[in-house]
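K.L.:
Data file entry-v9.tsv (TSV, C-alpha atoms and all ligand atoms) is appended below.
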```
chain	number	residue	atom	x	y	z
R	955	MET	CA	136.29	36.32	-30.60
R	956	ALA	CA	139.21	37.90	-28.68
R	957	LYS	CA	141.83	39.45	-30.92
R	958	GLN	CA	145.26	37.86	-31.18
R	959	PHE	CA	148.44	39.88	-30.83
R	960	LEU	CA	150.71	39.73	-33.83
R	961	THR	CA	154.04	39.92	-32.02
R	962	SER	CA	153.12	36.87	-29.93
R	963	LEU	CA	152.56	34.75	-33.05
R	964	ASP	CA	155.42	32.83	-34.62
R	965	ASP	CA	155.88	32.54	-38.38
R	966	GLU	CA	154.01	29.25	-38.57
R	967	GLN	CA	150.96	30.65	-36.77
R	968	LEU	CA	150.99	33.75	-38.97
R	969	ARG	CA	151.40	31.72	-42.14
R	970	SER	CA	148.48	29.49	-41.27
R	971	ALA	CA	146.28	32.51	-40.41
R	972	LEU	CA	147.09	34.05	-43.81
R	973	THR	CA	146.46	30.76	-45.62
R	974	LYS	CA	143.03	30.56	-43.98
R	975	LEU	CA	142.32	34.02	-45.42
R	976	GLY	CA	143.34	32.69	-48.86
R	977	GLU	CA	146.47	34.86	-49.07
R	978	PRO	CA	149.70	33.93	-50.91
R	979	ARG	CA	152.87	33.04	-48.99
R	980	TYR	CA	154.68	36.31	-49.72
R	981	ARG	CA	152.17	38.25	-47.60
R	982	LEU	CA	153.95	36.97	-44.51
R	983	ASP	CA	157.23	38.62	-45.57
R	984	GLN	CA	155.42	41.87	-46.30
R	985	ILE	CA	153.77	41.91	-42.88
R	986	LEU	CA	156.96	40.97	-41.02
R	987	ARG	CA	158.82	43.76	-42.78
R	988	TRP	CA	156.20	46.34	-41.86
R	989	VAL	CA	156.03	45.29	-38.21
R	990	TYR	CA	159.66	44.57	-37.37
R	991	LYS	CA	161.66	46.77	-39.74
R	992	ASP	CA	159.36	49.67	-40.46
R	993	ASN	CA	157.87	49.63	-36.97
R	994	VAL	CA	154.28	50.30	-38.02
R	995	SER	CA	151.64	49.72	-35.39
R	996	THR	CA	148.47	49.51	-37.54
R	997	PHE	CA	147.52	47.43	-40.58
R	998	ALA	CA	146.19	50.60	-42.25
R	999	GLN	CA	149.81	51.75	-42.66
R	1000	MET	CA	150.78	48.63	-44.68
R	1001	SER	CA	150.40	50.32	-48.05
R	1002	ASP	CA	151.40	47.37	-50.25
R	1003	LEU	CA	148.67	45.11	-48.82
R	1004	PRO	CA	145.23	45.06	-50.46
R	1005	ASN	CA	142.84	47.30	-48.62
R	1006	GLU	CA	140.39	44.49	-47.98
R	1007	LEU	CA	143.10	42.34	-46.36
R	1008	ARG	CA	144.15	45.22	-44.12
R	1009	ILE	CA	140.57	45.53	-42.89
R	1010	ARG	CA	140.18	41.78	-42.32
R	1011	LEU	CA	143.47	41.57	-40.46
R	1012	ALA	CA	142.60	44.55	-38.27
R	1013	GLU	CA	139.36	42.82	-37.29
R	1014	ARG	CA	141.21	39.70	-36.12
R	1015	VAL	CA	144.64	40.82	-34.94
R	1016	SER	CA	146.19	43.72	-33.02
R	1017	ILE	CA	149.81	44.55	-33.69
R	1018	ARG	CA	150.92	45.82	-30.28
R	1019	SER	CA	149.89	44.17	-27.02
R	1020	ILE	CA	150.99	46.90	-24.62
R	1021	LYS	CA	150.13	50.59	-24.41
R	1022	LEU	CA	152.40	53.42	-23.35
R	1023	GLN	CA	150.79	55.07	-20.33
R	1024	SER	CA	153.40	57.55	-19.09
R	1025	GLU	CA	156.96	58.58	-19.69
R	1026	TYR	CA	159.27	60.14	-17.13
R	1027	CYS	CA	162.55	61.83	-17.89
R	1028	SER	CA	165.19	62.27	-15.21
R	1029	ALA	CA	166.15	65.89	-14.62
R	1030	GLU	CA	169.51	64.66	-13.30
R	1031	ASP	CA	170.80	62.53	-16.17
R	1032	SER	CA	168.16	62.25	-18.96
R	1033	THR	CA	167.35	58.62	-18.16
R	1034	ARG	CA	163.83	57.85	-19.35
R	1035	LYS	CA	161.34	55.47	-17.81
R	1036	LEU	CA	158.38	54.25	-19.82
R	1037	LEU	CA	155.34	52.84	-18.05
R	1038	PHE	CA	153.23	50.48	-20.15
R	1039	TYR	CA	149.94	48.75	-19.50
R	1040	THR	CA	149.24	45.24	-20.70
R	1041	ARG	CA	145.81	44.34	-22.09
R	1042	ASP	CA	144.84	42.86	-18.68
R	1043	ASN	CA	145.86	46.12	-16.98
R	1044	HIS	CA	149.19	45.19	-15.49
R	1045	ALA	CA	151.81	47.91	-15.34
R	1046	ILE	CA	155.34	47.17	-16.58
R	1047	GLU	CA	158.34	49.40	-17.06
R	1048	SER	CA	161.21	49.81	-19.51
R	1049	VAL	CA	164.13	52.15	-18.93
R	1050	LEU	CA	166.23	54.02	-21.48
R	1051	ILE	CA	169.68	54.94	-20.30
R	1052	PRO	CA	171.63	57.47	-22.40
R	1053	ARG	CA	174.99	56.34	-23.78
R	1054	LYS	CA	177.49	58.15	-26.01
R	1055	ASP	CA	176.16	56.41	-29.13
R	1056	GLY	CA	172.44	56.07	-28.30
R	1057	TYR	CA	170.37	54.42	-25.58
R	1058	ALA	CA	170.71	51.21	-23.59
R	1059	LEU	CA	167.28	49.66	-23.10
R	1060	CYS	CA	166.49	47.87	-19.87
R	1061	ILE	CA	163.57	45.57	-20.55
R	1062	SER	CA	161.08	43.72	-18.29
R	1063	SER	CA	160.35	40.01	-18.56
R	1064	GLN	CA	157.67	39.55	-15.88
R	1065	VAL	CA	154.96	41.52	-14.10
R	1066	GLY	CA	156.66	41.89	-10.72
R	1067	CYS	CA	159.12	39.23	-9.61
R	1068	GLY	CA	158.90	36.17	-7.40
R	1069	MET	CA	162.56	36.01	-6.41
R	1070	GLY	CA	162.12	38.19	-3.32
R	1071	CYS	CA	165.53	39.90	-3.13
R	1072	PRO	CA	165.10	42.12	-0.05
R	1073	PHE	CA	166.93	45.13	-1.53
R	1074	CYS	CA	164.74	45.37	-4.65
R	1075	ALA	CA	161.41	47.19	-5.11
R	1076	THR	CA	160.26	44.75	-7.80
R	1077	GLY	CA	160.82	41.89	-5.36
R	1078	TYR	CA	158.41	43.53	-2.91
R	1079	MET	CA	155.69	43.57	-5.61
R	1080	GLY	CA	155.63	39.78	-5.75
R	1081	MET	CA	155.02	38.01	-9.02
R	1082	SER	CA	151.78	38.46	-11.00
R	1083	ARG	CA	152.57	36.70	-14.25
R	1084	ASN	CA	155.14	36.06	-16.95
R	1085	LEU	CA	155.14	38.43	-19.89
R	1086	GLU	CA	154.29	36.86	-23.23
R	1087	SER	CA	156.97	36.97	-25.91
R	1088	GLY	CA	154.91	39.60	-27.75
R	1089	GLU	CA	154.80	41.84	-24.69
R	1090	ILE	CA	158.59	41.67	-24.48
R	1091	ILE	CA	159.04	42.35	-28.20
R	1092	ASP	CA	156.54	45.20	-27.96
R	1093	GLN	CA	158.67	46.95	-25.34
R	1094	PHE	CA	161.54	46.83	-27.82
R	1095	LEU	CA	159.40	48.04	-30.76
R	1096	SER	CA	157.65	50.81	-28.82
R	1097	VAL	CA	160.90	52.07	-27.38
R	1098	ARG	CA	162.66	51.89	-30.75
R	1099	ASP	CA	159.83	53.99	-32.20
R	1100	HIS	CA	160.27	56.44	-29.45
R	1101	THR	CA	164.05	56.77	-29.73
R	1102	ARG	CA	163.82	57.18	-33.50
R	1103	GLU	CA	161.47	60.10	-32.97
R	1104	MET	CA	164.31	61.63	-30.93
R	1105	ASN	CA	166.78	60.80	-33.77
R	1106	GLN	CA	168.45	58.24	-31.54
R	1107	GLU	CA	168.89	54.48	-31.61
R	1108	VAL	CA	168.69	51.67	-29.08
R	1109	VAL	CA	172.26	50.35	-29.06
R	1110	SER	CA	171.97	47.63	-26.44
R	1111	VAL	CA	169.30	45.67	-24.62
R	1112	ILE	CA	169.58	44.25	-21.13
R	1113	PHE	CA	166.98	42.07	-19.44
R	1114	MET	CA	167.31	43.78	-16.10
R	1115	GLY	CA	163.92	45.44	-15.77
R	1116	MET	CA	161.11	43.87	-13.78
R	1117	GLY	CA	161.35	40.11	-13.31
R	1118	GLU	CA	163.85	37.29	-13.55
R	1119	PRO	CA	164.27	36.50	-17.26
R	1120	MET	CA	165.43	32.92	-16.73
R	1121	ALA	CA	162.22	32.18	-14.82
R	1122	ASN	CA	160.35	33.06	-18.03
R	1123	PHE	CA	162.94	31.66	-20.40
R	1124	PRO	CA	160.72	30.17	-23.15
R	1125	ASN	CA	159.08	33.56	-23.76
R	1126	VAL	CA	162.30	35.52	-23.32
R	1127	ARG	CA	164.04	33.21	-25.78
R	1128	LYS	CA	161.21	33.51	-28.31
R	1129	ALA	CA	161.32	37.31	-28.01
R	1130	ILE	CA	165.09	37.47	-28.41
R	1131	CYS	CA	164.94	35.21	-31.48
R	1132	ARG	CA	162.51	37.64	-33.10
R	1133	ILE	CA	164.52	40.69	-32.07
R	1134	ILE	CA	167.74	39.31	-33.60
R	1135	SER	CA	166.37	37.45	-36.63
R	1136	GLU	CA	166.81	38.47	-40.27
R	1137	ASP	CA	163.06	38.72	-40.80
R	1138	GLY	CA	162.61	40.27	-37.37
R	1139	CYS	CA	164.26	43.39	-35.97
R	1140	GLN	CA	167.82	42.47	-37.08
R	1141	PHE	CA	169.29	43.62	-33.78
R	1142	GLY	CA	172.79	42.27	-33.04
R	1143	VAL	CA	172.67	39.31	-30.66
R	1144	ARG	CA	175.91	40.36	-28.99
R	1145	ARG	CA	174.27	43.61	-27.98
R	1146	ILE	CA	171.77	41.74	-25.80
R	1147	THR	CA	172.47	40.75	-22.19
R	1148	ILE	CA	170.47	38.64	-19.79
R	1149	SER	CA	170.83	39.45	-16.12
R	1150	THR	CA	170.00	36.54	-13.81
R	1151	ILE	CA	170.37	35.52	-10.20
R	1152	GLY	CA	171.71	32.18	-11.48
R	1153	VAL	CA	169.58	29.47	-9.92
R	1154	LYS	CA	171.25	26.07	-10.49
R	1155	GLY	CA	171.16	25.15	-14.20
R	1156	TRP	CA	170.02	28.52	-15.53
R	1157	VAL	CA	173.38	29.73	-16.83
R	1158	SER	CA	174.02	26.38	-18.53
R	1159	ARG	CA	170.61	26.60	-20.13
R	1160	LEU	CA	171.45	30.04	-21.45
R	1161	SER	CA	174.81	28.84	-22.81
R	1162	LYS	CA	173.08	26.04	-24.71
R	1163	SER	CA	170.08	27.93	-26.05
R	1164	LEU	CA	171.23	31.48	-26.70
R	1165	LYS	CA	174.94	31.12	-27.09
R	1166	ASN	CA	175.92	34.65	-28.06
R	1167	VAL	CA	173.78	36.56	-25.62
R	1168	GLY	CA	175.76	38.32	-22.87
R	1169	LEU	CA	175.53	37.17	-19.27
R	1170	ALA	CA	175.25	39.30	-16.13
R	1171	VAL	CA	174.91	37.54	-12.78
R	1172	SER	CA	173.41	39.17	-9.68
R	1173	LEU	CA	175.99	37.97	-7.19
R	1174	HIS	CA	175.82	40.44	-4.26
R	1175	ALA	CA	177.76	38.27	-1.81
R	1176	PRO	CA	181.02	36.31	-1.80
R	1177	ASP	CA	179.72	33.37	0.25
R	1178	ASP	CA	176.65	31.13	0.26
R	1179	GLU	CA	175.33	32.14	3.65
R	1180	LEU	CA	175.06	35.85	2.90
R	1181	ARG	CA	173.99	35.25	-0.68
R	1182	MET	CA	171.03	33.21	0.49
R	1183	ARG	CA	169.94	36.13	2.66
R	1184	LEU	CA	170.25	38.68	-0.14
R	1185	VAL	CA	169.03	36.46	-2.98
R	1186	PRO	CA	166.78	33.94	-1.20
R	1187	ALA	CA	165.71	32.11	-4.36
R	1188	VAL	CA	169.22	30.63	-4.73
R	1189	ARG	CA	169.02	28.64	-1.49
R	1190	ASN	CA	169.53	25.34	-3.34
R	1191	SER	CA	172.12	26.71	-5.73
R	1192	PRO	CA	175.55	26.91	-4.08
R	1193	LEU	CA	178.09	29.39	-5.42
R	1194	ALA	CA	180.57	26.68	-6.39
R	1195	GLY	CA	178.12	25.30	-8.97
R	1196	LEU	CA	177.24	28.77	-10.24
R	1197	MET	CA	180.92	29.64	-10.70
R	1198	GLN	CA	181.44	26.48	-12.74
R	1199	GLU	CA	178.45	27.27	-14.97
R	1200	CYS	CA	179.77	30.81	-15.50
R	1201	LYS	CA	183.25	29.53	-16.38
R	1202	ASP	CA	181.67	27.14	-18.89
R	1203	HIS	CA	179.67	30.04	-20.34
R	1204	GLN	CA	182.87	32.08	-20.69
R	1205	TYR	CA	184.58	29.15	-22.39
R	1206	VAL	CA	181.73	28.53	-24.86
R	1207	THR	CA	180.96	32.16	-25.72
R	1208	LYS	CA	184.41	33.73	-25.22
R	1209	ARG	CA	182.50	36.55	-23.53
R	1210	ARG	CA	183.17	37.93	-20.10
R	1211	THR	CA	180.60	37.52	-17.35
R	1212	THR	CA	179.48	40.66	-15.59
R	1213	TYR	CA	179.00	40.14	-11.86
R	1214	GLU	CA	176.65	42.62	-10.22
R	1215	TYR	CA	177.25	43.48	-6.61
R	1216	VAL	CA	174.95	45.93	-4.83
R	1217	MET	CA	176.88	47.77	-2.12
R	1218	LEU	CA	175.04	47.50	1.21
R	1219	ARG	CA	176.50	49.24	4.22
R	1220	HIS	CA	177.86	46.88	6.85
R	1221	VAL	CA	176.27	43.91	5.09
R	1222	ASN	CA	178.49	43.01	2.15
R	1223	ASP	CA	180.99	45.87	1.91
R	1224	PHE	CA	183.74	44.77	4.35
R	1225	GLU	CA	187.37	44.46	3.34
R	1226	SER	CA	187.35	40.71	4.05
R	1227	GLN	CA	184.37	40.27	1.73
R	1228	ALA	CA	186.20	42.08	-1.10
R	1229	GLU	CA	189.12	39.71	-0.58
R	1230	SER	CA	186.81	36.66	-0.62
R	1231	LEU	CA	185.14	37.93	-3.77
R	1232	ALA	CA	188.49	38.41	-5.49
R	1233	LYS	CA	189.40	34.85	-4.57
R	1234	LEU	CA	186.08	33.49	-5.82
R	1235	LEU	CA	186.47	35.16	-9.23
R	1236	GLN	CA	190.20	34.56	-9.66
R	1237	GLY	CA	191.11	33.43	-13.20
R	1238	GLN	CA	187.70	34.16	-14.71
R	1239	LEU	CA	186.98	36.22	-17.80
R	1240	CYS	CA	184.80	38.63	-15.89
R	1241	HIS	CA	184.04	42.12	-14.76
R	1242	VAL	CA	182.52	43.28	-11.48
R	1243	ASN	CA	179.98	46.06	-11.40
R	1244	LEU	CA	179.67	47.61	-7.95
R	1245	ILE	CA	176.18	49.08	-7.78
R	1246	PRO	CA	175.44	51.85	-5.28
R	1247	PHE	CA	172.30	50.81	-3.41
R	1248	ASN	CA	169.29	52.87	-4.47
R	1249	ARG	CA	167.00	53.36	-1.53
R	1250	VAL	CA	163.74	51.44	-1.58
R	1251	THR	CA	161.13	52.26	1.09
R	1252	GLU	CA	160.55	48.66	2.19
R	1253	ALA	CA	164.20	47.59	2.18
R	1254	PRO	CA	166.05	47.49	5.53
R	1255	PHE	CA	169.43	48.52	4.05
R	1256	SER	CA	171.57	51.62	3.64
R	1257	PRO	CA	174.00	52.39	0.86
R	1258	SER	CA	177.71	51.84	1.47
R	1259	ASP	CA	179.64	55.05	1.95
R	1260	SER	CA	182.07	56.22	-0.69
R	1261	VAL	CA	185.13	55.25	1.38
R	1262	SER	CA	184.00	51.62	1.76
R	1263	THR	CA	183.04	51.42	-1.91
R	1264	ALA	CA	186.40	52.81	-3.02
R	1265	ARG	CA	188.21	50.38	-0.70
R	1266	PHE	CA	186.19	47.45	-2.05
R	1267	GLU	CA	186.98	48.50	-5.61
R	1268	ARG	CA	190.69	48.89	-4.80
R	1269	ILE	CA	190.94	45.41	-3.31
R	1270	LEU	CA	189.31	43.79	-6.33
R	1271	ALA	CA	191.43	45.77	-8.79
R	1272	GLY	CA	194.56	45.02	-6.76
R	1273	ASN	CA	193.80	41.32	-7.15
R	1274	GLY	CA	193.51	41.64	-10.92
R	1275	ILE	CA	189.68	41.64	-11.08
R	1276	PRO	CA	188.34	44.22	-13.56
R	1277	VAL	CA	185.88	46.38	-11.66
R	1278	THR	CA	183.86	49.56	-12.02
R	1279	VAL	CA	181.48	51.44	-9.78
R	1280	ARG	CA	178.23	52.00	-11.64
R	1281	THR	CA	176.98	55.55	-11.92
R	1282	PRO	CA	173.40	55.62	-10.59
R	1283	ARG	CA	170.88	56.59	-13.27
R	1284	GLY	CA	167.32	57.86	-13.03
R	1285	ARG	CA	167.08	57.89	-9.24
R	1286	ASP	CA	164.73	60.90	-9.24
R	1287	ILE	CA	162.17	58.98	-11.33
R	1288	ASP	CA	162.59	55.61	-9.53
R	1289	ALA	CA	164.24	54.15	-12.61
R	1290	ALA	CA	167.56	53.12	-11.09
R	1291	CYS	CA	168.64	49.56	-10.44
R	1292	GLY	CA	166.29	47.85	-7.97
R	1293	GLN	CA	163.75	50.69	-7.95
R	1294	LEU	CA	161.25	49.48	-10.57
R	1295	ALA	CA	157.84	49.00	-8.98
R	1296	ALA	CA	155.51	50.14	-11.78
R	1297	ARG	CA	154.04	53.02	-9.79
R	1298	ASP	CA	152.51	55.78	-11.83
R	1299	LEU	CA	154.25	58.92	-10.59
R	1300	THR	CA	151.88	61.40	-12.23
A	1	LIG	S1	166.83	41.86	-8.03
A	1	LIG	FE1	166.01	40.90	-9.91
A	1	LIG	S2	165.58	38.80	-9.28
A	1	LIG	FE2	165.79	39.95	-7.37
A	1	LIG	S3	163.69	40.57	-6.85
A	1	LIG	FE3	164.59	42.23	-8.08
A	1	LIG	S4	163.97	41.83	-10.17
A	1	LIG	FE4	163.68	39.93	-9.02
```
Take the structure in the file and write it out as structure tokens.
P.N.:
Amino acid sequence: MAKQFLTSLDDEQLRSALTKLGEPRYRLDQILRWVYKDNVSTFAQMSDLPNELRIRLAERVSIRSIKLQSEYCSAEDSTRKLLFYTRDNHAIESVLIPRKDGYALCISSQVGCGMGCPFCATGYMGMSRNLESGEIIDQFLSVRDHTREMNQEVVSVIFMGMGEPMANFPNVRKAICRIISEDGCQFGVRRITISTIGVKGWVSRLSKSLKNVGLAVSLHAPDDELRMRLVPAVRNSPLAGLMQECKDHQYVTKRRTTYEYVMLRHVNDFESQAESLAKLLQGQLCHVNLIPFNRVTEAPFSPSDSVSTARFERILAGNGIPVTVRTPRGRDIDAACGQLAARDLT
């Protein structure tokens, strides 16, 4: 019989498995504490469980469903990229970005991505499959292990690795619930952000189901025509509807929306486009992140020059839109925004 993976099981499934083994109810709490608080990865380490139970559990269940294959550390800025393999041999990546108070963790939600954004390496991989909730949680647990070994902490989590999290929402939601829950990892919900392209209905769904999670929207264009070229999966999701969903999200959560805008030379970096963008976002509780384009072999784009980027930033700021230009991170290890393609660089 194939082994189950513990982090993919919910409490009910775990409880029933323990009942079948004739174990009392409190065993569940003990196991949850070991896995999610103490971060152990084998049953043998669960010292307050009877030895016989540890052996029986190890025969039936594995704790982690992904394996760390390689780790790369950027010589430029200490960003770290971790390459994992799933049990069916798919490669996925998580990225650790150094902050003043610890690390921001960029997590993957799918193997590849089916959204086909033409500036993104993951988009060129195509989509293989959704990650299970356990595979998402395991990225968090493995990385938390890793950072603790470096005497550091994960201080924020953003679903901006491989994949579109809202296209795998049931599993992403299940994973987040475990990561934030009292008997899970007890990670603050407001320190988690979902980054989405915002197909019609997705932002509303997020507002209803995971109210306090932060929202980042991959916007990349101030009008529908260009946006459909750069983010083809939104062809039936006009900007007007997306803006309304984002405003509703801001109203419900009282949190600002981050709009991501990759700066592509002579594509979306003209003065007139900055003005249109400012108009589009007028009155919103938001922030614009201008992202320097990180070159991807397949992508037919060039990065905007610094003069155009500064002009774009100035126009937004001059119209009262909070804006920053993101500092590229981990470019030398293909870990920067849009560069994740799960290639082993060794
Ligand atoms: S930018 Fe995001 S949604 Fe678009 S292809 Fe890349 S991973 Fe998928």
K.L.:
Distance table requested - chain R against ligand LIG 1 (chain A), cut-off 6 Å, only C-alpha atoms and all ligand atoms: one row per qualifying residue with the closest atom pair and its distance in Å to one decimal, ordered by chain and rising residue number, as JSON lines.
P.N.:
```
{"residue": "R:Cys1067", "atom": "CA", "partner": "A:LIG1", "partner_atom": "FE4", "distance": 4.7}
{"residue": "R:Met1069", "atom": "CA", "partner": "A:LIG1", "partner_atom": "S3", "distance": 4.7}
{"residue": "R:Gly1070", "atom": "CA", "partner": "A:LIG1", "partner_atom": "S3", "distance": 4.5}
{"residue": "R:Cys1071", "atom": "CA", "partner": "A:LIG1", "partner_atom": "S3", "distance": 4.2}
{"residue": "R:Cys1074", "atom": "CA", "partner": "A:LIG1", "partner_atom": "FE3", "distance": 4.7}
{"residue": "R:Thr1076", "atom": "CA", "partner": "A:LIG1", "partner_atom": "FE3", "distance": 5.0}
{"residue": "R:Gly1077", "atom": "CA", "partner": "A:LIG1", "partner_atom": "S3", "distance": 3.5}
{"residue": "R:Met1116", "atom": "CA", "partner": "A:LIG1", "partner_atom": "S4", "distance": 5.0}
{"residue": "R:Gly1117", "atom": "CA", "partner": "A:LIG1", "partner_atom": "S4", "distance": 4.4}
{"residue": "R:Glu1118", "atom": "CA", "partner": "A:LIG1", "partner_atom": "S2", "distance": 4.8}
{"residue": "R:Ile1151", "atom": "CA", "partner": "A:LIG1", "partner_atom": "S2", "distance": 5.9}
{"residue": "R:Gly1292", "atom": "CA", "partner": "A:LIG1", "partner_atom": "FE3", "distance": 5.9}
```
K.L.:
For R:Val1109, please output as an NGL selection string all residues within 7 Å (counting all atoms listed in the file; exclusion window: fewer than 2 positions along the same chain).
P.N.:
:R and (1056-1058 or 1107)
K.L.:
List the neighbours of stretch 1216-1218 of chain R out to 8 Å using all atoms listed in the file; skip same-chain residues closer than 3 positions along the sequence, and give me the result as number ranges by chain.
P.N.:
R: 1174, 1221-1223, 1244-1247, 1255-1258, 1263
K.L.:
Give me the residues within 9 Å of R:Gln1093 as a PyMOL selection string, counting only C-alpha atoms and dropping any in the same chain fewer than 6 places off.
P.N.:
chain R and resi 1020+1038+1047-1048+1061-1062
K.L.:
Which is closest to R:Ile1112 among R:Leu1169, R:Ile1133, R:Cys1139, R:Ile1091, if we use only C-alpha atoms?
P.N.:
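Comparing R:Leu1169, R:Ile1133, R:Cys1139, R:Ile1091 against R:Ile1112, the winner is R:Leu1169.
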K.L.:
If we count all atoms listed in the file, what is near stretch 1189-1202 of chain R at a cut-off of 6 Å, once residues fewer than 3 positions away on the same chain are taken out, given as a PyMOL selection string?
P.N.:
chain R and resi 1153-1154+1157-1158+1182+1186+1205
K.L.:
Those residues with C-alpha atoms, as an mmCIF file, in the coordinates of the input please?
P.N.:
```cif
data_model
loop_
_atom_site.group_PDB
_atom_site.id
_atom_site.type_symbol
_atom_site.label_atom_id
_atom_site.label_comp_id
_atom_site.auth_asym_id
_atom_site.auth_seq_id
_atom_site.Cartn_x
_atom_site.Cartn_y
_atom_site.Cartn_z
ATOM 1 C CA VAL R 1153 169.580 29.470 -9.920
ATOM 2 C CA LYS R 1154 171.250 26.070 -10.490
ATOM 3 C CA VAL R 1157 173.380 29.730 -16.830
ATOM 4 C CA SER R 1158 174.020 26.380 -18.530
ATOM 5 C CA MET R 1182 171.030 33.210 0.490
ATOM 6 C CA PRO R 1186 166.780 33.940 -1.200
ATOM 7 C CA TYR R 1205 184.580 29.150 -22.390
#
```
K.L.:
With distances taken over all atoms listed in the file, which of R:Leu1036, R:Val1242, R:Ile1051, R:Val1015 is nearest to R:Leu968?
P.N.:
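Checking each of R:Leu1036, R:Val1242, R:Ile1051, R:Val1015 against R:Leu968, counting all atoms listed in the file, the winner is R:Val1015.
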K.L.:
Mind listing whatever residues come within 9 Å of the point (163.0, 57.4, -10.3)? Use all atoms listed in the file, file coordinates, and give them as a PyMOL selection string.
P.N.:
chain R and resi 1026-1028+1035+1283-1290+1293-1294+1299
K.L.:
Can you measure atom CA of R:Glu1225 to atom CA of R:Ser1172 for me? One decimal in Å is fine.
P.N.:
19.8 Å
